[in-house]
Amino acid sequence: MSSTEATTAQSFADLGLSASLLKTLTDIGYETPSPIQAECIPILLQGRDLIGQAQTGTGKTAAFALPLMEQIDVKVTRPQALVLTPTRELAIQVAEALQSYAKNLPGFHVLPIYGGQSYTIQLKQLARGAHIVVGTPGRVMDHIERKTLNLDHLKTMVLDEADEMLRMGFIDDVEWILERTPAQHQTALFSATMPEQIRRVAQKYLVEPREIKIKSATTTVAAIRQVYWQVSGMHKLDALTRILEVEDNFDAAIIFVRTKNATVELADKLSARGYAAAALNGDLNQQMRERVIEQLKSGALDIVVATDVAARGIDVPRVSHVVNYDIPYDTEAYVHRIGRTGRAGRTGNAILFVAPREVSMLRSIERATRSPIAPLTLPSRADVTNKRVTDFKASVAEVLNAEGLDFFSNIVSQIAEEQNVSAEEVAAALAMMLQKGKPLQIPGEDPAPPRPMPAGDGRRPGGFGERERKPRTEERGDNRPRFDDRAGKPRFEGGGDSRPRFEDKPRRAVTASSEMIRYRIDVGRDHGVQVKDIVGAIANEAGIESRFIGRIGLYDESSTVELPAGMPAEAANALKRTRVRGVPINMRPDEGRPDDGGERKFDGERKFKKKPATH
Ligand code: AMP
């Protein structure tokens, strides 16, 4: 395997993509390829096998998705590419990305298939013909076995987040699928880390793969205050305005986003909220670009929303803040971005927004810059109100110090007399009138504080399938039920005797009041099954948030698992057919001996995840 570090920033046109795809990229606002894309795209276009070591946030999806799009012959309505992902959320995201790159490819059809979704729908969609299938290993296996997924026309196979599939106990399934793909095909494997087992899979199934890593050379950053906000419970735009409003020493900001479309969108939204904001992107000619920078310098603008390339080299001393609204692709980009503040000996502030699934990128940045980035507590409504009241008082004080208030004092006295109220009441009424455009109190509720982020690379030891990929709902900032992380407590698994093993603690959300039903499944230690395999399969196949999965007892030939009462029939059916390590689990209510400490009641309605829309 030859290995290269991705560093280059070329243009998409240099990478060998077709004119139609280049147009699509312009339409969706991509300006330049990310480093991993610049390296991977030409290799994949040549038809070579590839190992890409990259995590979420590097642009790895487009790195394989764009070459896939080039290979698709829409006239052939058979799957020509298969992408395996560890979770249904990722399957949906990848399918959405592929669909967005197919803007100029009429008739293109991508199909996500994953557990928990009705077979009827999937069978119908498969029969209709999909050009690319994106799926979780269990369900893909199932369709191959039922002969409803035919891989005869397969040209490319992508393993996305291979290490995560390993962690979730799907690696045997992945190999089972790889064994059944046509001999002649290209394989791309993407993984944030390269554990030994993934290397082994790569050696066995990939042919002379090129290996691409994103660069994470150690760099030093200037003395800039660096903080991050974990995106949760609130839309990024609302969070941004709250943060900027209470930041001390705010003077001007550069806000970084990924696409040129996003620069315009965000600048418009900020302008609508009263900020003097403008977009800076690659569509602006040199003269327009210089004008924006001049306005930022002079104070005519306070916020510039920019892409990496457009903001390169900006030197405006009054930029007190850099906001990484979208996380950068790599450490290098981060260092360039934050170098736009703290100039000319002034204090600089860098704020980074991190979605839960991007936590490993945050940790890479910290490691590479050798500087910790502290969590930022989102200002509360009270904080914002206090700040607004303080500012209001200051502006009133300023006017009080000014000359020529007699005329107005006179009016206040007249109003007080006519209305038979005190001057204080008149002042209150005037204050109320004044703040109408921008109320001193902000409406709405404070979101619940985010769950603490894991340390290290974002993957807790001993956990099972702690997905960094969260459903899209999380990034949109709402509070709907979601696939979630779980306690990650040590479990007693394996062992040589025939007594059952139980996890030492139920998962967080299963409370003493949860009504749980115990089920038996036909896989156990003799099948080499571990607790994480069972949890991964159930979470993926039945759409049950793993924190709602109760205790799991591992026996030699079978196991028990507790699930909340009230499981929908569809989920129950899916679980009957689920396989763990290739063995059908045949889940049914357990009527055997009681082997736990009694029943628990369930306390909420949030145990079964709403099915995502099909595509
Ligand atoms: P990923 O690392 O694949 O999860 O991608 C993260 C985000 O970056 C997605 O929202 C992509 O749409 C976006 N993205 C990927 N490549 C580019 C690019 N070259 N320019 C702008 N945005 C991109």
# chains A, B, ... in the order shown; residues from 1 in each chain; ligands from 1
$ residues_near_ligand --ligand "ligand 1" --cutoff "7 Å" --atoms "only C-alpha atoms and all ligand atoms" --output "PyMOL selection string"
chain A and resi 29-34+55-62+97+258-259
$ select_by_dssp --residues "stretch 378-422 of chain A" --states "alpha helix (DSSP H)" --output "PyMOL selection string"
chain A and resi 381-401+406-419
$ closest_atom_pairs --of "stretch 61-94 of chain A" --to "stretch 159-165 of chain A" --cutoff "9 Å" --atoms "only C-alpha atoms" --output "CSV"
residue,atom,partner,partner_atom,distance
A:Thr61,CA,A:Asp160,CA,8.3
A:Leu82,CA,A:Leu159,CA,8.5
A:Val83,CA,A:Leu159,CA,5.9
A:Leu84,CA,A:Leu159,CA,5.0
A:Thr85,CA,A:Asp160,CA,5.2
A:Pro86,CA,A:Met165,CA,4.8
A:Thr87,CA,A:Met165,CA,8.4
A:Leu90,CA,A:Asp160,CA,8.9
$ write_last_selection --atoms "C-alpha atoms" --output "compact mmCIF listing (two decimals), in the first residue's frame"
# COMPACT_ATOMS: atom_id res chain seq x y z
CA THR A 61 -18.51 11.58 1.81
CA LEU A 82 -23.00 -0.33 -2.76
CA VAL A 83 -22.08 1.80 0.23
CA LEU A 84 -22.08 0.16 3.65
CA THR A 85 -22.50 2.39 6.69
CA PRO A 86 -22.67 1.50 10.37
CA THR A 87 -25.93 3.30 11.12
CA LEU A 90 -25.34 7.71 8.14
$ closest_residue --among "A:Pro209, A:Pro379, A:Gly582, A:Gly342" --to "A:Ala239" --atoms "only C-alpha atoms"
A:Pro379
$ closest_residue --among "A:Ser271, A:Ser413, A:Thr181, A:Thr156" --to "A:Val140" --atoms "only C-alpha atoms"
A:Thr181
$ select_by_dssp --residues "stretch 260-466 of chain A" --states "strand (DSSP E or B)" --output "PyMOL selection string"
chain A and resi 277-280+303-306+319-324+348-354+374-375
$ atom_distance --atom1 "atom CA of A:Glu145" --atom2 "atom CA of A:Ala130"
17.8 Å
$ atom_distance --atom1 "atom CA of A:Arg139" --atom2 "atom CA of A:Leu105"
27.4 Å
$ residues_around --residues "A:Ile351" --least-positions-apart "5" --cutoff "7 Å" --atoms "only C-alpha atoms" --output "PyMOL selection string"
chain A and resi 226-228+322-324
$ write_last_selection --atoms "C-alpha atoms" --output "PDB file, in the first residue's frame"
ATOM      1  CA  GLN A 226     -10.263  29.301  21.846  1.00  0.00           C
ATOM      2  CA  VAL A 227     -13.644  27.924  22.840  1.00  0.00           C
ATOM      3  CA  TYR A 228     -16.142  25.536  21.330  1.00  0.00           C
ATOM      4  CA  VAL A 322     -13.485  34.262  14.352  1.00  0.00           C
ATOM      5  CA  VAL A 323     -16.425  31.907  14.396  1.00  0.00           C
ATOM      6  CA  ASN A 324     -16.084  28.448  12.876  1.00  0.00           C
TER       7      ASN A 324
END
$ atom_distance --atom1 "atom CA of A:Glu403" --atom2 "atom CA of A:Pro439"
27.4 Å
$ residues_around --residues "A:Leu352" --least-positions-apart "4" --cutoff "10 Å" --atoms "only C-alpha atoms" --output "list in words"
Gln226, Val227, Tyr228, Trp229, Gln230, Val231, Ile255, Phe256, Val322, Val323, Asn324, Tyr325, Asp326, Ile327, Pro328, Tyr334, Ile338, Leu362, Ile373, Ala374, Pro375 and Leu376 of chain A
$ write_last_selection --atoms "N, CA and C atoms" --output "CSV table (one decimal), in the first residue's frame"
chain,number,residue,atom,x,y,z
A,226,GLN,N,-9.5,30.2,22.7
A,226,GLN,CA,-10.3,29.3,21.8
A,226,GLN,C,-11.3,28.6,22.6
A,227,VAL,N,-12.6,28.6,22.2
A,227,VAL,CA,-13.6,27.9,22.8
A,227,VAL,C,-14.5,27.2,21.8
A,228,TYR,N,-15.2,26.2,22.3
A,228,TYR,CA,-16.1,25.5,21.3
A,228,TYR,C,-17.5,25.5,22.0
A,229,TRP,N,-18.5,25.4,21.1
A,229,TRP,CA,-19.9,25.2,21.6
A,229,TRP,C,-20.4,23.9,20.9
A,230,GLN,N,-20.9,23.0,21.8
A,230,GLN,CA,-21.4,21.8,21.3
A,230,GLN,C,-22.8,22.0,20.8
A,231,VAL,N,-23.0,21.9,19.5
A,231,VAL,CA,-24.3,22.1,18.9
A,231,VAL,C,-25.4,21.2,19.5
A,255,ILE,N,-17.0,35.0,10.1
A,255,ILE,CA,-17.7,33.7,10.4
A,255,ILE,C,-17.4,32.8,9.2
A,256,PHE,N,-16.9,31.6,9.5
A,256,PHE,CA,-16.5,30.7,8.4
A,256,PHE,C,-17.6,29.6,8.2
A,322,VAL,N,-13.3,35.2,15.5
A,322,VAL,CA,-13.5,34.3,14.4
A,322,VAL,C,-14.4,33.2,14.8
A,323,VAL,N,-15.5,33.0,14.0
A,323,VAL,CA,-16.4,31.9,14.4
A,323,VAL,C,-16.4,30.8,13.3
A,324,ASN,N,-16.0,29.6,13.8
A,324,ASN,CA,-16.1,28.4,12.9
A,324,ASN,C,-17.5,27.9,12.9
A,325,TYR,N,-18.4,28.5,12.1
A,325,TYR,CA,-19.8,28.1,12.2
A,325,TYR,C,-19.9,26.7,11.6
A,326,ASP,N,-19.2,26.4,10.6
A,326,ASP,CA,-19.0,25.0,10.1
A,326,ASP,C,-17.6,24.6,10.4
A,327,ILE,N,-17.4,23.4,11.0
A,327,ILE,CA,-16.1,23.0,11.4
A,327,ILE,C,-15.2,22.9,10.2
A,328,PRO,N,-13.9,23.3,10.3
A,328,PRO,CA,-13.0,23.2,9.1
A,328,PRO,C,-12.7,21.7,8.8
A,334,TYR,N,-8.1,25.2,10.2
A,334,TYR,CA,-8.5,25.8,11.4
A,334,TYR,C,-7.5,26.9,11.8
A,338,ILE,N,-8.3,30.9,12.3
A,338,ILE,CA,-8.3,31.6,13.5
A,338,ILE,C,-7.2,32.7,13.5
A,362,LEU,N,-12.7,17.9,16.5
A,362,LEU,CA,-12.3,18.8,17.6
A,362,LEU,C,-11.1,18.3,18.3
A,373,ILE,N,-9.1,23.4,23.7
A,373,ILE,CA,-10.2,24.3,23.4
A,373,ILE,C,-11.3,24.1,24.4
A,374,ALA,N,-11.6,25.1,25.1
A,374,ALA,CA,-12.5,25.0,26.3
A,374,ALA,C,-14.0,25.1,25.8
A,375,PRO,N,-14.8,24.3,26.5
A,375,PRO,CA,-16.3,24.4,26.2
A,375,PRO,C,-16.8,25.7,26.6
A,376,LEU,N,-17.7,26.2,25.7
A,376,LEU,CA,-18.4,27.5,26.0
A,376,LEU,C,-19.8,27.2,26.5
$ residues_around --residues "stretch 515-524 of chain A" --least-positions-apart "4" --cutoff "6 Å" --atoms "only C-alpha atoms" --output "mmCIF file with N, CA and C atoms, in the first residue's frame"
data_model
loop_
_atom_site.group_PDB
_atom_site.id
_atom_site.type_symbol
_atom_site.label_atom_id
_atom_site.label_comp_id
_atom_site.auth_asym_id
_atom_site.auth_seq_id
_atom_site.Cartn_x
_atom_site.Cartn_y
_atom_site.Cartn_z
ATOM 1 N N VAL A 529 -20.742 -14.027 20.411
ATOM 2 C CA VAL A 529 -21.480 -12.768 20.465
ATOM 3 C C VAL A 529 -21.150 -12.009 21.743
ATOM 4 N N LEU A 554 -26.072 -12.745 28.780
ATOM 5 C CA LEU A 554 -25.414 -13.617 27.788
ATOM 6 C C LEU A 554 -25.312 -15.034 28.337
ATOM 7 N N TYR A 555 -25.931 -15.989 27.686
ATOM 8 C CA TYR A 555 -25.772 -17.407 28.033
ATOM 9 C C TYR A 555 -24.887 -18.042 26.956
ATOM 10 N N ASP A 556 -24.697 -19.365 27.076
ATOM 11 C CA ASP A 556 -23.843 -20.000 26.063
ATOM 12 C C ASP A 556 -24.516 -20.020 24.696
ATOM 13 N N GLU A 557 -25.748 -20.530 24.683
ATOM 14 C CA GLU A 557 -26.388 -20.720 23.378
ATOM 15 C C GLU A 557 -27.413 -19.663 23.043
ATOM 16 N N SER A 558 -27.866 -18.950 24.072
ATOM 17 C CA SER A 558 -28.867 -17.914 23.810
ATOM 18 C C SER A 558 -28.578 -16.732 24.739
ATOM 19 N N SER A 559 -29.394 -15.717 24.605
ATOM 20 C CA SER A 559 -29.225 -14.546 25.467
ATOM 21 C C SER A 559 -30.599 -13.959 25.756
ATOM 22 N N THR A 560 -30.663 -13.093 26.753
ATOM 23 C CA THR A 560 -31.912 -12.379 27.007
ATOM 24 C C THR A 560 -31.642 -10.885 26.869
ATOM 25 N N VAL A 561 -32.685 -10.203 26.474
ATOM 26 C CA VAL A 561 -32.535 -8.755 26.359
ATOM 27 C C VAL A 561 -33.839 -8.106 26.789
ATOM 28 N N GLU A 562 -33.750 -7.061 27.543
ATOM 29 C CA GLU A 562 -34.947 -6.358 27.999
ATOM 30 C C GLU A 562 -35.206 -5.156 27.108
ATOM 31 N N LEU A 563 -36.454 -5.073 26.667
ATOM 32 C CA LEU A 563 -36.831 -3.922 25.839
ATOM 33 C C LEU A 563 -38.090 -3.299 26.414
ATOM 34 N N PRO A 564 -38.281 -2.017 26.200
ATOM 35 C CA PRO A 564 -39.467 -1.355 26.736
ATOM 36 C C PRO A 564 -40.749 -1.982 26.196
ATOM 37 N N ALA A 565 -41.772 -2.012 27.040
ATOM 38 C CA ALA A 565 -43.065 -2.547 26.609
ATOM 39 C C ALA A 565 -43.625 -1.657 25.502
ATOM 40 N N ILE A 585 -31.611 -14.291 15.024
ATOM 41 C CA ILE A 585 -31.758 -14.257 16.490
ATOM 42 C C ILE A 585 -33.117 -14.763 16.964
ATOM 43 N N ASN A 586 -34.101 -14.750 16.050
ATOM 44 C CA ASN A 586 -35.410 -15.301 16.398
ATOM 45 C C ASN A 586 -35.919 -14.748 17.729
ATOM 46 N N MET A 587 -36.016 -13.475 17.845
ATOM 47 C CA MET A 587 -36.398 -12.868 19.126
ATOM 48 C C MET A 587 -37.852 -13.146 19.491
ATOM 49 N N ARG A 588 -38.080 -13.574 20.710
ATOM 50 C CA ARG A 588 -39.458 -13.787 21.195
ATOM 51 C C ARG A 588 -39.494 -13.502 22.681
ATOM 52 N N PRO A 589 -40.703 -13.215 23.209
ATOM 53 C CA PRO A 589 -40.785 -12.959 24.646
ATOM 54 C C PRO A 589 -40.249 -14.159 25.414
ATOM 55 N N ASP A 590 -39.552 -13.891 26.475
ATOM 56 C CA ASP A 590 -38.916 -14.980 27.218
ATOM 57 C C ASP A 590 -39.822 -15.462 28.320
ATOM 58 N N ARG A 600 -39.481 -3.536 35.503
ATOM 59 C CA ARG A 600 -39.374 -2.087 35.688
ATOM 60 C C ARG A 600 -40.393 -1.401 34.813
ATOM 61 N N LYS A 601 -40.808 -0.289 35.260
ATOM 62 C CA LYS A 601 -41.798 0.449 34.474
ATOM 63 C C LYS A 601 -41.078 1.455 33.584
ATOM 64 N N PHE A 602 -41.700 1.719 32.482
ATOM 65 C CA PHE A 602 -41.095 2.660 31.561
ATOM 66 C C PHE A 602 -41.733 4.025 31.749
#
$ residues_around --residues "A:Arg128" --least-positions-apart "4" --cutoff "12 Å" --atoms "only C-alpha atoms" --output "short mmCIF file (atom, residue, chain, number, x, y, z; two decimals) with N, CA, C and O atoms, in the first residue's frame"
data_model
loop_
_atom_site.label_atom_id
_atom_site.label_comp_id
_atom_site.auth_asym_id
_atom_site.auth_seq_id
_atom_site.Cartn_x
_atom_site.Cartn_y
_atom_site.Cartn_z
N VAL A 76 -28.72 1.68 -16.90
CA VAL A 76 -28.69 0.36 -16.25
C VAL A 76 -29.35 0.49 -14.88
O VAL A 76 -28.81 1.13 -13.98
N THR A 77 -30.52 -0.07 -14.74
CA THR A 77 -31.25 0.16 -13.49
C THR A 77 -30.94 -0.93 -12.45
O THR A 77 -31.82 -1.39 -11.75
N ARG A 78 -29.72 -1.31 -12.37
CA ARG A 78 -29.27 -2.27 -11.36
C ARG A 78 -28.25 -1.57 -10.46
O ARG A 78 -27.54 -0.69 -10.94
N PRO A 79 -28.15 -1.99 -9.21
CA PRO A 79 -27.14 -1.34 -8.35
C PRO A 79 -25.73 -1.45 -8.92
O PRO A 79 -25.25 -2.55 -9.19
N GLY A 107 -33.04 10.86 -13.72
CA GLY A 107 -33.30 9.42 -13.68
C GLY A 107 -32.43 8.69 -12.68
O GLY A 107 -32.60 7.50 -12.46
N PHE A 108 -31.51 9.41 -12.03
CA PHE A 108 -30.64 8.75 -11.05
C PHE A 108 -31.44 8.40 -9.80
O PHE A 108 -32.27 9.17 -9.33
N HIS A 109 -31.14 7.23 -9.27
CA HIS A 109 -31.89 6.80 -8.10
C HIS A 109 -30.96 6.16 -7.08
O HIS A 109 -30.26 5.20 -7.38
N VAL A 110 -30.96 6.72 -5.87
CA VAL A 110 -30.16 6.12 -4.79
C VAL A 110 -31.14 5.62 -3.73
O VAL A 110 -32.15 6.26 -3.45
N LEU A 111 -30.83 4.47 -3.17
CA LEU A 111 -31.76 3.88 -2.20
C LEU A 111 -31.06 3.56 -0.88
O LEU A 111 -30.12 2.76 -0.86
N ILE A 121 -41.64 -1.68 1.59
CA ILE A 121 -41.18 -0.47 0.90
C ILE A 121 -39.85 -0.73 0.20
O ILE A 121 -39.65 -0.41 -0.96
N GLN A 122 -38.94 -1.35 0.95
CA GLN A 122 -37.60 -1.58 0.38
C GLN A 122 -37.66 -2.49 -0.83
O GLN A 122 -36.98 -2.27 -1.83
N LEU A 123 -38.51 -3.52 -0.74
CA LEU A 123 -38.60 -4.46 -1.87
C LEU A 123 -39.12 -3.76 -3.10
O LEU A 123 -38.62 -3.94 -4.21
N LYS A 124 -40.13 -2.91 -2.87
CA LYS A 124 -40.71 -2.16 -3.98
C LYS A 124 -39.65 -1.28 -4.63
O LYS A 124 -39.50 -1.23 -5.84
N THR A 148 -33.11 -10.25 -3.23
CA THR A 148 -33.80 -9.02 -3.63
C THR A 148 -32.79 -7.92 -3.93
O THR A 148 -33.15 -6.87 -4.44
N LEU A 149 -31.53 -8.16 -3.56
CA LEU A 149 -30.47 -7.21 -3.92
C LEU A 149 -29.47 -7.98 -4.78
O LEU A 149 -28.83 -8.91 -4.30
#
$ closest_residue --among "A:Ala368, A:Ala571, A:Leu166, A:Ala431" --to "A:Ser395" --atoms "only C-alpha atoms"
A:Ala431
$ residues_around --residues "A:Gly313" --least-positions-apart "6" --cutoff "9 Å" --atoms "only C-alpha atoms" --output "NGL selection string"
:A and (336 or 339-340)
$ write_last_selection --atoms "C-alpha atoms" --output "PDB file, in the first residue's frame"
ATOM      1  CA  HIS A 336      -5.551  29.648   8.939  1.00  0.00           C
ATOM      2  CA  GLY A 339      -5.195  33.519  12.415  1.00  0.00           C
ATOM      3  CA  ARG A 340      -7.624  36.163  11.075  1.00  0.00           C
TER       4      ARG A 340
END
$ closest_residue --among "A:Phe190, A:Phe353, A:Tyr329, A:Phe392" --to "A:Val158" --atoms "only C-alpha atoms"
A:Phe190
